[in-house]
$ cat run-v7.cif   # mmCIF, C-alpha atoms (C1' of nucleotides)
data_run
loop_
_atom_site.group_PDB
_atom_site.id
_atom_site.type_symbol
_atom_site.label_atom_id
_atom_site.label_comp_id
_atom_site.auth_asym_id
_atom_site.auth_seq_id
_atom_site.Cartn_x
_atom_site.Cartn_y
_atom_site.Cartn_z
ATOM 1 C CA MET A 294 -16.257 129.985 112.516
ATOM 2 C CA TYR A 295 -12.695 130.861 111.783
ATOM 3 C CA ILE A 296 -10.402 131.835 114.618
ATOM 4 C CA CYS A 297 -7.241 133.605 113.565
ATOM 5 C CA LEU A 298 -4.513 132.956 116.096
ATOM 6 C CA THR A 299 -1.511 134.589 114.504
ATOM 7 C CA MET A 300 -3.311 137.691 113.368
ATOM 8 C CA SER A 301 -1.248 140.013 111.258
ATOM 9 C CA ASN A 302 -2.937 143.290 112.043
ATOM 10 C CA SER A 303 0.182 145.135 110.978
ATOM 11 C CA LYS A 304 -0.704 147.103 107.891
ATOM 12 C CA LEU A 305 2.202 148.146 105.786
ATOM 13 C CA TYR A 306 3.470 151.619 106.462
ATOM 14 C CA LYS A 307 3.068 153.074 103.049
ATOM 15 C CA GLY A 308 6.307 153.551 101.227
ATOM 16 C CA SER A 309 8.170 150.519 102.495
ATOM 17 C CA LEU A 310 6.787 147.884 100.160
ATOM 18 C CA SER A 311 8.985 148.550 97.143
ATOM 19 C CA THR A 312 12.034 148.713 99.381
ATOM 20 C CA ILE A 313 11.277 145.214 100.618
ATOM 21 C CA ILE A 314 10.889 143.953 97.062
ATOM 22 C CA LEU A 315 14.166 145.496 95.988
ATOM 23 C CA LYS A 316 15.978 144.172 99.027
ATOM 24 C CA LEU A 317 14.775 140.617 98.450
ATOM 25 C CA LEU A 318 15.798 140.781 94.805
ATOM 26 C CA GLY A 319 19.154 142.113 95.933
ATOM 27 C CA GLU A 320 19.646 138.865 97.796
ATOM 28 C CA THR A 321 18.144 136.266 95.534
ATOM 29 C CA ASP A 322 19.116 137.182 91.998
ATOM 30 C CA ARG A 323 15.707 136.469 90.512
ATOM 31 C CA MET A 324 12.265 135.915 91.970
ATOM 32 C CA TYR A 325 8.690 135.890 90.784
ATOM 33 C CA GLY A 326 5.820 137.746 92.383
ATOM 34 C CA TYR A 327 4.095 134.947 94.195
ATOM 35 C CA GLU A 328 7.432 133.750 95.477
ATOM 36 C CA ILE A 329 8.070 137.161 96.999
ATOM 37 C CA THR A 330 4.788 137.169 98.893
ATOM 38 C CA GLN A 331 5.517 133.724 100.291
ATOM 39 C CA LYS A 332 9.083 134.576 101.204
ATOM 40 C CA VAL A 333 7.982 137.636 103.125
ATOM 41 C CA LYS A 334 5.288 135.664 104.889
ATOM 42 C CA VAL A 335 7.775 133.002 105.965
ATOM 43 C CA LEU A 336 10.580 135.393 106.892
ATOM 44 C CA THR A 337 8.270 137.481 109.062
ATOM 45 C CA LYS A 338 6.371 134.492 110.430
ATOM 46 C CA GLY A 339 3.125 135.814 109.046
ATOM 47 C CA GLU A 340 3.715 139.226 110.564
ATOM 48 C CA LEU A 341 3.820 140.937 107.189
ATOM 49 C CA ILE A 342 1.377 139.981 104.490
ATOM 50 C CA MET A 343 2.049 141.391 101.056
ATOM 51 C CA THR A 344 -1.257 141.602 99.264
ATOM 52 C CA GLU A 345 -1.175 140.843 95.570
ATOM 53 C CA GLY A 346 -3.110 144.008 94.842
ATOM 54 C CA ALA A 347 -0.140 145.933 96.195
ATOM 55 C CA LEU A 348 2.623 143.657 94.989
ATOM 56 C CA TYR A 349 1.919 143.386 91.284
ATOM 57 C CA PRO A 350 1.400 147.086 90.622
ATOM 58 C CA ALA A 351 4.572 147.749 92.615
ATOM 59 C CA LEU A 352 6.517 145.290 90.469
ATOM 60 C CA HIS A 353 5.169 146.852 87.292
ATOM 61 C CA LYS A 354 6.138 150.278 88.503
ATOM 62 C CA LEU A 355 9.663 149.247 89.446
ATOM 63 C CA GLU A 356 10.015 147.653 86.042
ATOM 64 C CA ALA A 357 8.719 150.778 84.298
ATOM 65 C CA GLU A 358 11.227 152.831 86.253
ATOM 66 C CA GLY A 359 14.008 150.642 84.940
ATOM 67 C CA PHE A 360 14.919 149.030 88.230
ATOM 68 C CA LEU A 361 13.794 145.549 87.287
ATOM 69 C CA ASP A 362 14.116 143.298 84.274
ATOM 70 C CA VAL A 363 11.487 140.697 83.644
ATOM 71 C CA GLU A 364 11.703 137.235 82.165
ATOM 72 C CA VAL A 365 8.616 135.133 81.528
ATOM 73 C CA VAL A 366 8.884 131.433 82.082
ATOM 74 C CA LYS A 367 6.370 128.608 81.872
ATOM 75 C CA VAL A 368 6.637 126.100 84.676
ATOM 76 C CA ASP A 369 4.198 123.190 84.963
ATOM 77 C CA ASN A 370 2.056 124.874 82.360
ATOM 78 C CA ARG A 371 1.725 127.896 84.647
ATOM 79 C CA MET A 372 3.216 131.298 83.971
ATOM 80 C CA ARG A 373 5.889 132.877 86.083
ATOM 81 C CA LYS A 374 7.374 136.300 85.666
ATOM 82 C CA TYR A 375 10.845 136.355 87.054
ATOM 83 C CA TYR A 376 12.203 139.717 88.068
ATOM 84 C CA ARG A 377 15.791 140.690 88.641
ATOM 85 C CA LEU A 378 17.551 143.917 89.529
ATOM 86 C CA THR A 379 19.035 146.018 86.782
ATOM 87 C CA GLU A 380 22.245 147.977 87.308
ATOM 88 C CA GLU A 381 20.088 150.976 88.163
ATOM 89 C CA GLY A 382 17.947 148.826 90.399
ATOM 90 C CA ASN A 383 20.992 147.868 92.368
ATOM 91 C CA LYS A 384 21.856 151.463 93.127
ATOM 92 C CA GLU A 385 18.249 152.259 93.894
ATOM 93 C CA THR A 386 18.115 149.385 96.343
ATOM 94 C CA SER A 387 21.038 150.743 98.326
ATOM 95 C CA ASN A 388 19.531 154.199 98.363
ATOM 96 C CA ARG A 389 16.116 153.091 99.503
ATOM 97 C CA ILE A 390 17.506 150.886 102.206
ATOM 98 C CA ALA A 391 19.680 153.722 103.444
ATOM 99 C CA ASP A 392 16.652 156.038 103.418
ATOM 100 C CA LEU A 393 14.543 153.577 105.337
ATOM 101 C CA GLN A 394 17.293 152.874 107.838
ATOM 102 C CA ASN A 395 17.725 156.574 108.363
ATOM 103 C CA TYR A 396 14.010 157.092 108.757
ATOM 104 C CA MET A 397 13.733 154.297 111.264
ATOM 105 C CA GLU A 398 16.609 155.678 113.307
ATOM 106 C CA THR A 399 14.844 159.003 113.418
ATOM 107 C CA MET A 400 11.603 157.349 114.429
ATOM 108 C CA GLN A 401 13.361 155.268 117.058
ATOM 109 C CA PHE A 402 14.780 158.440 118.507
ATOM 110 C CA LEU A 403 11.356 160.085 118.537
ATOM 111 C CA ILE A 404 9.390 157.266 120.057
ATOM 112 C CA LYS A 405 11.899 155.730 122.399
ATOM 113 C CA PRO A 406 10.909 156.035 126.044
ATOM 114 C CA LYS A 407 12.044 159.303 127.528
ATOM 115 C CA LEU A 408 13.263 159.811 131.047
ATOM 116 C CA THR A 409 11.060 162.518 132.439
ATOM 117 C CA LEU A 410 13.224 163.778 135.247
ATOM 118 C CA GLU A 411 13.700 167.507 135.156
ATOM 119 C CA MET B 119 20.075 180.581 94.007
ATOM 120 C CA TYR B 120 19.227 178.649 97.093
ATOM 121 C CA ILE B 121 21.426 175.790 98.142
ATOM 122 C CA CYS B 122 19.899 173.448 100.641
ATOM 123 C CA LEU B 123 22.607 171.791 102.670
ATOM 124 C CA THR B 124 20.633 169.832 105.213
ATOM 125 C CA MET B 125 18.011 168.639 102.805
ATOM 126 C CA SER B 126 15.194 166.683 104.359
ATOM 127 C CA ASN B 127 14.264 164.472 101.455
ATOM 128 C CA SER B 128 12.750 162.015 103.869
ATOM 129 C CA LYS B 129 9.062 161.883 103.169
ATOM 130 C CA LEU B 130 6.994 160.498 105.964
ATOM 131 C CA TYR B 131 6.189 156.845 105.705
ATOM 132 C CA LYS B 132 2.450 157.021 105.778
ATOM 133 C CA GLY B 133 0.937 155.920 109.016
ATOM 134 C CA SER B 134 3.604 157.169 111.371
ATOM 135 C CA LEU B 135 2.533 160.785 111.707
ATOM 136 C CA SER B 136 -0.249 160.350 114.230
ATOM 137 C CA THR B 137 1.956 158.064 116.283
ATOM 138 C CA ILE B 138 4.529 160.842 116.546
ATOM 139 C CA ILE B 139 1.868 163.313 117.615
ATOM 140 C CA LEU B 140 0.537 160.971 120.267
ATOM 141 C CA LYS B 141 4.003 160.167 121.543
ATOM 142 C CA LEU B 142 4.926 163.837 121.917
ATOM 143 C CA LEU B 143 1.701 164.562 123.742
ATOM 144 C CA GLY B 144 2.423 161.593 125.958
ATOM 145 C CA GLU B 145 5.565 163.379 127.066
ATOM 146 C CA THR B 146 4.535 166.992 127.265
ATOM 147 C CA ASP B 147 1.056 167.048 128.771
ATOM 148 C CA ARG B 148 -0.272 169.680 126.387
ATOM 149 C CA MET B 149 0.976 171.149 123.112
ATOM 150 C CA TYR B 150 -0.430 173.165 120.247
ATOM 151 C CA GLY B 151 -0.051 172.327 116.600
ATOM 152 C CA TYR B 152 2.630 174.738 115.576
ATOM 153 C CA GLU B 153 4.610 173.792 118.662
ATOM 154 C CA ILE B 154 4.525 170.153 117.576
ATOM 155 C CA THR B 155 5.919 170.917 114.130
ATOM 156 C CA GLN B 156 8.750 172.925 115.648
ATOM 157 C CA LYS B 157 9.503 170.330 118.283
ATOM 158 C CA VAL B 158 9.777 167.611 115.661
ATOM 159 C CA LYS B 159 11.973 169.788 113.490
ATOM 160 C CA VAL B 160 14.337 170.490 116.381
ATOM 161 C CA LEU B 161 14.379 166.952 117.767
ATOM 162 C CA THR B 162 15.180 165.479 114.372
ATOM 163 C CA LYS B 163 17.558 168.281 113.377
ATOM 164 C CA GLY B 164 15.444 169.120 110.368
ATOM 165 C CA GLU B 165 15.343 165.535 109.256
ATOM 166 C CA LEU B 166 11.592 165.271 109.645
ATOM 167 C CA ILE B 167 9.363 168.119 108.558
ATOM 168 C CA MET B 168 5.753 167.900 109.584
ATOM 169 C CA THR B 169 3.745 169.811 107.060
ATOM 170 C CA GLU B 170 0.804 171.747 108.410
ATOM 171 C CA GLY B 171 -1.421 170.257 105.740
ATOM 172 C CA ALA B 172 -0.813 166.900 107.310
ATOM 173 C CA LEU B 173 -0.623 167.946 110.921
ATOM 174 C CA TYR B 174 -3.879 169.825 111.396
ATOM 175 C CA PRO B 175 -6.130 167.241 109.762
ATOM 176 C CA ALA B 176 -4.355 164.578 111.815
ATOM 177 C CA LEU B 177 -5.012 166.511 115.019
ATOM 178 C CA HIS B 178 -8.660 166.953 114.095
ATOM 179 C CA LYS B 179 -8.988 163.287 113.400
ATOM 180 C CA LEU B 180 -7.367 162.225 116.655
ATOM 181 C CA GLU B 181 -9.682 164.593 118.468
ATOM 182 C CA ALA B 182 -12.726 163.217 116.648
ATOM 183 C CA GLU B 183 -11.635 159.720 117.596
ATOM 184 C CA GLY B 184 -11.619 160.769 121.211
ATOM 185 C CA PHE B 185 -7.875 160.505 121.744
ATOM 186 C CA LEU B 186 -7.290 164.208 122.253
ATOM 187 C CA ASP B 187 -8.976 166.986 124.177
ATOM 188 C CA VAL B 188 -8.639 170.526 122.942
ATOM 189 C CA GLU B 189 -8.438 173.815 124.766
ATOM 190 C CA VAL B 190 -8.356 177.126 122.946
ATOM 191 C CA VAL B 191 -6.204 179.875 124.375
ATOM 192 C CA LYS B 192 -5.390 183.366 123.180
ATOM 193 C CA VAL B 193 -1.751 184.334 123.595
ATOM 194 C CA ASP B 194 -0.434 187.693 122.386
ATOM 195 C CA ASN B 195 -3.699 188.180 120.561
ATOM 196 C CA ARG B 196 -3.039 184.999 118.546
ATOM 197 C CA MET B 197 -4.991 181.789 118.846
ATOM 198 C CA ARG B 198 -3.534 178.566 120.099
ATOM 199 C CA LYS B 199 -5.270 175.229 120.302
ATOM 200 C CA TYR B 200 -3.744 173.149 123.012
ATOM 201 C CA TYR B 201 -4.184 169.422 122.730
ATOM 202 C CA ARG B 202 -3.769 166.853 125.435
ATOM 203 C CA LEU B 203 -4.232 163.096 125.599
ATOM 204 C CA THR B 204 -7.476 161.693 126.898
ATOM 205 C CA GLU B 205 -7.578 158.490 128.900
ATOM 206 C CA GLU B 206 -8.323 156.650 125.665
ATOM 207 C CA GLY B 207 -5.569 158.573 123.941
ATOM 208 C CA ASN B 208 -3.114 157.315 126.485
ATOM 209 C CA LYS B 209 -3.921 153.700 125.739
ATOM 210 C CA GLU B 210 -3.916 154.357 122.014
ATOM 211 C CA THR B 211 -0.480 155.914 122.295
ATOM 212 C CA SER B 212 0.966 152.802 123.895
ATOM 213 C CA ASN B 213 -0.648 150.604 121.281
ATOM 214 C CA ARG B 214 0.543 152.627 118.324
ATOM 215 C CA ILE B 215 4.058 152.855 119.643
ATOM 216 C CA ALA B 216 4.116 149.117 120.211
ATOM 217 C CA ASP B 217 2.801 148.548 116.700
ATOM 218 C CA LEU B 218 5.401 150.824 115.175
ATOM 219 C CA GLN B 219 8.207 149.303 117.222
ATOM 220 C CA ASN B 220 7.089 145.882 116.145
ATOM 221 C CA TYR B 221 6.864 146.927 112.521
ATOM 222 C CA MET B 222 10.314 148.453 112.613
ATOM 223 C CA GLU B 223 11.782 145.331 114.128
ATOM 224 C CA THR B 224 10.256 143.317 111.331
ATOM 225 C CA MET B 225 11.599 145.741 108.757
ATOM 226 C CA GLN B 226 15.023 145.732 110.359
ATOM 227 C CA PHE B 227 15.040 141.982 110.100
ATOM 228 C CA LEU B 228 14.020 142.115 106.450
ATOM 229 C CA ILE B 229 16.459 144.760 105.287
ATOM 230 C CA LYS B 230 19.457 144.050 107.441
ATOM 231 C CA PRO B 231 22.476 142.976 105.431
ATOM 232 C CA LYS B 232 22.517 139.256 104.840
ATOM 233 C CA LEU B 233 25.529 137.026 104.783
ATOM 234 C CA THR B 234 25.327 135.223 101.497
ATOM 235 C CA LEU B 235 27.424 132.209 102.258
ATOM 236 C CA GLU B 236 25.730 128.948 101.421
ATOM 237 C "C1'" DT C 143 7.513 198.430 104.431
ATOM 238 C "C1'" DT C 144 8.370 194.137 103.337
ATOM 239 C "C1'" DT C 145 9.680 189.832 104.867
ATOM 240 C "C1'" DT C 146 9.707 186.259 108.281
ATOM 241 C "C1'" DA C 147 7.653 183.974 112.148
ATOM 242 C "C1'" DT C 148 3.651 182.533 114.485
ATOM 243 C "C1'" DG C 149 -0.769 180.153 114.351
ATOM 244 C "C1'" DC C 150 -4.714 178.294 112.486
ATOM 245 C "C1'" DA C 151 -7.372 176.085 108.381
ATOM 246 C "C1'" DT C 152 -8.882 173.678 104.097
ATOM 247 C "C1'" DA C 153 -9.071 172.087 99.152
ATOM 248 C "C1'" DA C 154 -6.903 169.697 95.400
ATOM 249 C "C1'" DA C 155 -3.671 166.551 93.921
ATOM 250 C "C1'" DT C 156 -0.804 162.540 94.558
ATOM 251 C "C1'" DA C 157 0.691 158.153 96.235
ATOM 252 C "C1'" DA C 158 0.367 153.769 97.951
ATOM 253 C "C1'" DA C 159 -1.897 150.858 100.038
ATOM 254 C "C1'" DT C 160 -6.498 147.563 100.765
ATOM 255 C "C1'" DT C 161 -10.367 145.187 99.132
ATOM 256 C "C1'" DA C 162 -12.673 142.891 95.773
ATOM 257 C "C1'" DT C 163 -12.663 140.746 91.682
ATOM 258 C "C1'" DG C 164 -11.250 137.967 87.633
ATOM 259 C "C1'" DT C 165 -8.809 134.237 84.875
ATOM 260 C "C1'" DA C 166 -6.405 129.865 84.660
ATOM 261 C "C1'" DT C 167 -3.960 125.588 85.989
ATOM 262 C "C1'" DA C 168 -2.363 122.120 89.497
ATOM 263 C "C1'" DT C 169 -2.787 119.698 93.572
ATOM 264 C "C1'" DT C 170 -4.847 117.991 97.552
ATOM 265 C "C1'" DT C 171 -8.703 116.257 100.196
ATOM 266 C "C1'" DG C 172 -12.992 114.447 101.473
ATOM 267 C "C1'" DC D 182 -14.669 112.480 91.249
ATOM 268 C "C1'" DA D 183 -15.929 116.820 93.021
ATOM 269 C "C1'" DA D 184 -14.682 120.494 95.714
ATOM 270 C "C1'" DA D 185 -11.443 123.052 97.992
ATOM 271 C "C1'" DT D 186 -6.911 124.861 98.227
ATOM 272 C "C1'" DA D 187 -2.580 126.385 96.256
ATOM 273 C "C1'" DT D 188 -0.191 128.490 92.582
ATOM 274 C "C1'" DA D 189 0.283 132.512 89.528
ATOM 275 C "C1'" DC D 190 -0.885 136.325 87.192
ATOM 276 C "C1'" DA D 191 -3.838 140.831 86.702
ATOM 277 C "C1'" DT D 192 -6.757 145.041 87.351
ATOM 278 C "C1'" DA D 193 -10.506 148.196 89.009
ATOM 279 C "C1'" DA D 194 -12.579 150.569 92.807
ATOM 280 C "C1'" DT D 195 -11.963 152.302 97.148
ATOM 281 C "C1'" DT D 196 -9.650 154.092 101.104
ATOM 282 C "C1'" DT D 197 -6.217 156.509 103.583
ATOM 283 C "C1'" DA D 198 -2.584 159.550 104.458
ATOM 284 C "C1'" DT D 199 0.177 162.236 102.783
ATOM 285 C "C1'" DT D 200 2.064 166.697 99.824
ATOM 286 C "C1'" DT D 201 1.295 170.900 97.664
ATOM 287 C "C1'" DA D 202 -0.957 175.005 97.338
ATOM 288 C "C1'" DT D 203 -3.647 178.185 99.175
ATOM 289 C "C1'" DG D 204 -5.922 181.336 102.537
ATOM 290 C "C1'" DC D 205 -6.539 184.354 106.724
ATOM 291 C "C1'" DA D 206 -4.621 186.936 110.563
ATOM 292 C "C1'" DT D 207 -1.240 188.994 113.950
ATOM 293 C "C1'" DA D 208 3.554 189.997 115.619
ATOM 294 C "C1'" DA D 209 8.241 190.730 115.121
ATOM 295 C "C1'" DA D 210 12.318 191.582 112.559
ATOM 296 C "C1'" DA D 211 14.945 193.377 108.744
#
$ encode --input "run-v7.cif" --output "structure tokens"
Amino acid sequence: MYICLTMSNSKLYKGSLSTIILKLLGETDRMYGYEITQKVKVLTKGELIMTEGALYPALHKLEAEGFLDVEVVKVDNRMRKYYRLTEEGNKETSNRIADLQNYMETMQFLIKPKLTLE
Amino acid sequence: MYICLTMSNSKLYKGSLSTIILKLLGETDRMYGYEITQKVKVLTKGELIMTEGALYPALHKLEAEGFLDVEVVKVDNRMRKYYRLTEEGNKETSNRIADLQNYMETMQFLIKPKLTLE
DNA sequence: TTTTATGCATAAATAAATTATGTATATTTG
DNA sequence: CAAATATACATAATTTATTTATGCATAAAA
């Protein structure tokens, strides 16, 4: 039987995935899909697991929207698709991060403990 | 022509709505649906708009899950359905808030500006 | 009297995940 | 050496949670 000690029960709040992808690509110039999943896993200490079923469609969509450029490379006889931000993708990244920041501030305000003295 | 100055473009990140509902009910003992939408609108200065199409199904679901009790009241000849947290709902509220807090911390860590000196 | 506000509800459409597969190669392990 | 695990992509089916679009009804405001 398999005991999972560092359970990542935290499902993604829908809408944040592509922002994470963009942000990572904003830092690292070019990355391939599998690399992104691993990076997120390491950075969040297993807290956030990016499933491939979510990741790859998200990458394809971002590419179709013109935010990513792709470059196929063969390494060790295995395929890699490297993605990098386009000019547009760069702007989009800033916008989405700002949106998410703003949203999180709002949420923080809503769910922060309230003093109930009245 | 209608010019919207304080545009709330911020769509809800899916998964956070019911947490907001629970949190508000954790503060205010009992509230009815419409009241919740207005409260959120005021608290967030129009930043977050809870659509009724999302709110009412969410309330019904929380009730079905045993987290809310309902009490129907007629005020000014109009119906109100007051919701309040059950015992279970109280626990669930704490859990969901903790989850969301945790998720937001993780996200903050991921999207915070990085110093790229290496 | 028409619009806006109050108050509920639900159906259809959309979006974005999860889950479950599938293919293929490389590496590690027993 | 065989089997399991890691690497690396992909897609289809399903699930979930929204938005959008309605609908009904009463009260108040314009």
$ interface_residues --input "run-v7.cif" --of "chain B" --to "chain A" --cutoff "6 Å" --atoms "all atoms listed in the file" --output "VMD selection string"
chain B and resid 131 to 133
$ calpha_fit_and_write --input "run-v7.cif" --fixed "chain A" --moving "chain B" --output "tab-separated table (two decimals) with C-alpha atoms, keeping the file's coordinate frame"
chain	number	residue	atom	x	y	z
B	119	MET	CA	-16.18	130.22	113.34
B	120	TYR	CA	-12.65	131.07	112.46
B	121	ILE	CA	-10.26	132.07	115.18
B	122	CYS	CA	-7.13	133.77	114.00
B	123	LEU	CA	-4.35	133.21	116.47
B	124	THR	CA	-1.39	134.77	114.74
B	125	MET	CA	-3.25	137.78	113.47
B	126	SER	CA	-1.25	140.07	111.25
B	127	ASN	CA	-2.96	143.34	112.00
B	128	SER	CA	0.14	145.16	110.89
B	129	LYS	CA	-0.75	147.15	107.83
B	130	LEU	CA	2.17	148.19	105.74
B	131	TYR	CA	3.47	151.64	106.41
B	132	LYS	CA	3.13	153.12	102.99
B	133	GLY	CA	6.37	153.52	101.17
B	134	SER	CA	8.16	150.47	102.47
B	135	LEU	CA	6.78	147.85	100.12
B	136	SER	CA	8.98	148.53	97.11
B	137	THR	CA	12.01	148.69	99.36
B	138	ILE	CA	11.25	145.18	100.58
B	139	ILE	CA	10.89	143.94	97.03
B	140	LEU	CA	14.17	145.49	95.98
B	141	LYS	CA	15.97	144.17	99.02
B	142	LEU	CA	14.77	140.61	98.42
B	143	LEU	CA	15.80	140.78	94.79
B	144	GLY	CA	19.15	142.10	95.92
B	145	GLU	CA	19.63	138.85	97.78
B	146	THR	CA	18.13	136.26	95.50
B	147	ASP	CA	19.14	137.21	91.97
B	148	ARG	CA	15.74	136.49	90.47
B	149	MET	CA	12.27	135.91	91.93
B	150	TYR	CA	8.70	135.90	90.71
B	151	GLY	CA	5.85	137.74	92.32
B	152	TYR	CA	4.11	134.95	94.12
B	153	GLU	CA	7.46	133.74	95.40
B	154	ILE	CA	8.08	137.16	96.93
B	155	THR	CA	4.79	137.16	98.82
B	156	GLN	CA	5.52	133.71	100.22
B	157	LYS	CA	9.08	134.56	101.13
B	158	VAL	CA	7.96	137.62	103.06
B	159	LYS	CA	5.25	135.64	104.81
B	160	VAL	CA	7.74	132.98	105.89
B	161	LEU	CA	10.54	135.37	106.84
B	162	THR	CA	8.22	137.45	109.00
B	163	LYS	CA	6.31	134.46	110.37
B	164	GLY	CA	3.07	135.79	108.99
B	165	GLU	CA	3.64	139.18	110.49
B	166	LEU	CA	3.77	140.91	107.13
B	167	ILE	CA	1.35	139.95	104.40
B	168	MET	CA	2.04	141.35	100.98
B	169	THR	CA	-1.24	141.57	99.17
B	170	GLU	CA	-1.14	140.79	95.48
B	171	GLY	CA	-3.07	143.96	94.75
B	172	ALA	CA	-0.14	145.89	96.09
B	173	LEU	CA	2.65	143.64	94.91
B	174	TYR	CA	1.95	143.36	91.20
B	175	PRO	CA	1.43	147.07	90.56
B	176	ALA	CA	4.59	147.73	92.56
B	177	LEU	CA	6.55	145.28	90.42
B	178	HIS	CA	5.20	146.86	87.25
B	179	LYS	CA	6.16	150.27	88.47
B	180	LEU	CA	9.68	149.25	89.43
B	181	GLU	CA	10.06	147.67	86.02
B	182	ALA	CA	8.76	150.80	84.29
B	183	GLU	CA	11.25	152.85	86.28
B	184	GLY	CA	14.02	150.68	84.94
B	185	PHE	CA	14.94	149.05	88.24
B	186	LEU	CA	13.82	145.57	87.29
B	187	ASP	CA	14.17	143.34	84.26
B	188	VAL	CA	11.54	140.72	83.61
B	189	GLU	CA	11.74	137.27	82.11
B	190	VAL	CA	8.67	135.17	81.47
B	191	VAL	CA	8.93	131.45	82.02
B	192	LYS	CA	6.40	128.65	81.80
B	193	VAL	CA	6.67	126.10	84.59
B	194	ASP	CA	4.23	123.19	84.87
B	195	ASN	CA	2.09	124.89	82.26
B	196	ARG	CA	1.75	127.94	84.54
B	197	MET	CA	3.25	131.33	83.88
B	198	ARG	CA	5.92	132.89	86.02
B	199	LYS	CA	7.41	136.32	85.62
B	200	TYR	CA	10.89	136.38	87.01
B	201	TYR	CA	12.23	139.74	88.04
B	202	ARG	CA	15.82	140.70	88.62
B	203	LEU	CA	17.57	143.93	89.53
B	204	THR	CA	19.06	146.05	86.79
B	205	GLU	CA	22.25	148.00	87.32
B	206	GLU	CA	20.10	151.01	88.19
B	207	GLY	CA	17.96	148.83	90.41
B	208	ASN	CA	21.01	147.87	92.38
B	209	LYS	CA	21.86	151.46	93.17
B	210	GLU	CA	18.24	152.26	93.93
B	211	THR	CA	18.11	149.37	96.36
B	212	SER	CA	21.04	150.71	98.35
B	213	ASN	CA	19.53	154.17	98.40
B	214	ARG	CA	16.10	153.05	99.52
B	215	ILE	CA	17.49	150.84	102.23
B	216	ALA	CA	19.65	153.68	103.48
B	217	ASP	CA	16.64	155.99	103.45
B	218	LEU	CA	14.51	153.52	105.36
B	219	GLN	CA	17.26	152.80	107.87
B	220	ASN	CA	17.70	156.49	108.40
B	221	TYR	CA	13.98	157.04	108.78
B	222	MET	CA	13.70	154.23	111.29
B	223	GLU	CA	16.56	155.60	113.32
B	224	THR	CA	14.81	158.94	113.44
B	225	MET	CA	11.56	157.28	114.45
B	226	GLN	CA	13.30	155.20	117.08
B	227	PHE	CA	14.72	158.37	118.52
B	228	LEU	CA	11.31	160.02	118.54
B	229	ILE	CA	9.33	157.19	120.07
B	230	LYS	CA	11.83	155.68	122.43
B	231	PRO	CA	10.78	155.95	126.05
B	232	LYS	CA	11.89	159.21	127.59
B	233	LEU	CA	13.08	159.73	131.11
B	234	THR	CA	10.92	162.49	132.46
B	235	LEU	CA	13.11	163.76	135.22
B	236	GLU	CA	13.65	167.49	135.11
$ resolve_selection --input "run-v7.cif" --expression "the PyMOL selection byres ((chain B) within 12 of (chain D))" --output "number ranges by chain"
B: 129-136, 167-173, 175-176, 179, 192-197
$ atom_distance --input "run-v7.cif" --atom1 "CA of Asn388 (chain A)" --atom2 "CA of Gly359 (chain A)"
14.9 Å
$ interface_residues --input "run-v7.cif" --of "chain C" --to "chain A" --cutoff "9 Å" --atoms "all atoms listed in the file" --output "ChimeraX atom specification"
/C:157-161,166-168
$ axis_aligned_box --input "run-v7.cif" --around "region 358-368 of chain A" --padding-each-side "4 Å" --output "AutoDock Vina command-line options"
--center_x 10.6 --center_y 139.5 --center_z 84.9 --size_x 16.5 --size_y 34.7 --size_z 14.7
$ atom_distance --input "run-v7.cif" --atom1 "CA of Gly326 (chain A)" --atom2 "C1' of DT170 (chain C)"
23.0 Å
$ atom_distance --input "run-v7.cif" --atom1 "CA of Gln156 (chain B)" --atom2 "CA of Ala182 (chain B)"
23.6 Å
$ resolve_selection --input "run-v7.cif" --expression "the PyMOL selection byres ((chain A and resi 360) around 9)" --output "JSON, numbers by chain"
{"A": [315, 354, 355, 356, 357, 358, 359, 361, 362, 377, 378, 379, 380, 381, 382, 383, 384, 385, 386]}
$ resolve_selection --input "run-v7.cif" --expression "the PyMOL selection byres ((chain A and resi 364) around 8)" --output "PDB file with C-alpha atoms, in the coordinates of the input"
ATOM      1  CA  ASP A 362      14.116 143.298  84.274  1.00  0.00           C
ATOM      2  CA  VAL A 363      11.487 140.697  83.644  1.00  0.00           C
ATOM      3  CA  VAL A 365       8.616 135.133  81.528  1.00  0.00           C
ATOM      4  CA  VAL A 366       8.884 131.433  82.082  1.00  0.00           C
ATOM      5  CA  LYS A 374       7.374 136.300  85.666  1.00  0.00           C
ATOM      6  CA  TYR A 375      10.845 136.355  87.054  1.00  0.00           C
ATOM      7  CA  TYR A 376      12.203 139.717  88.068  1.00  0.00           C
TER       8      TYR A 376
END
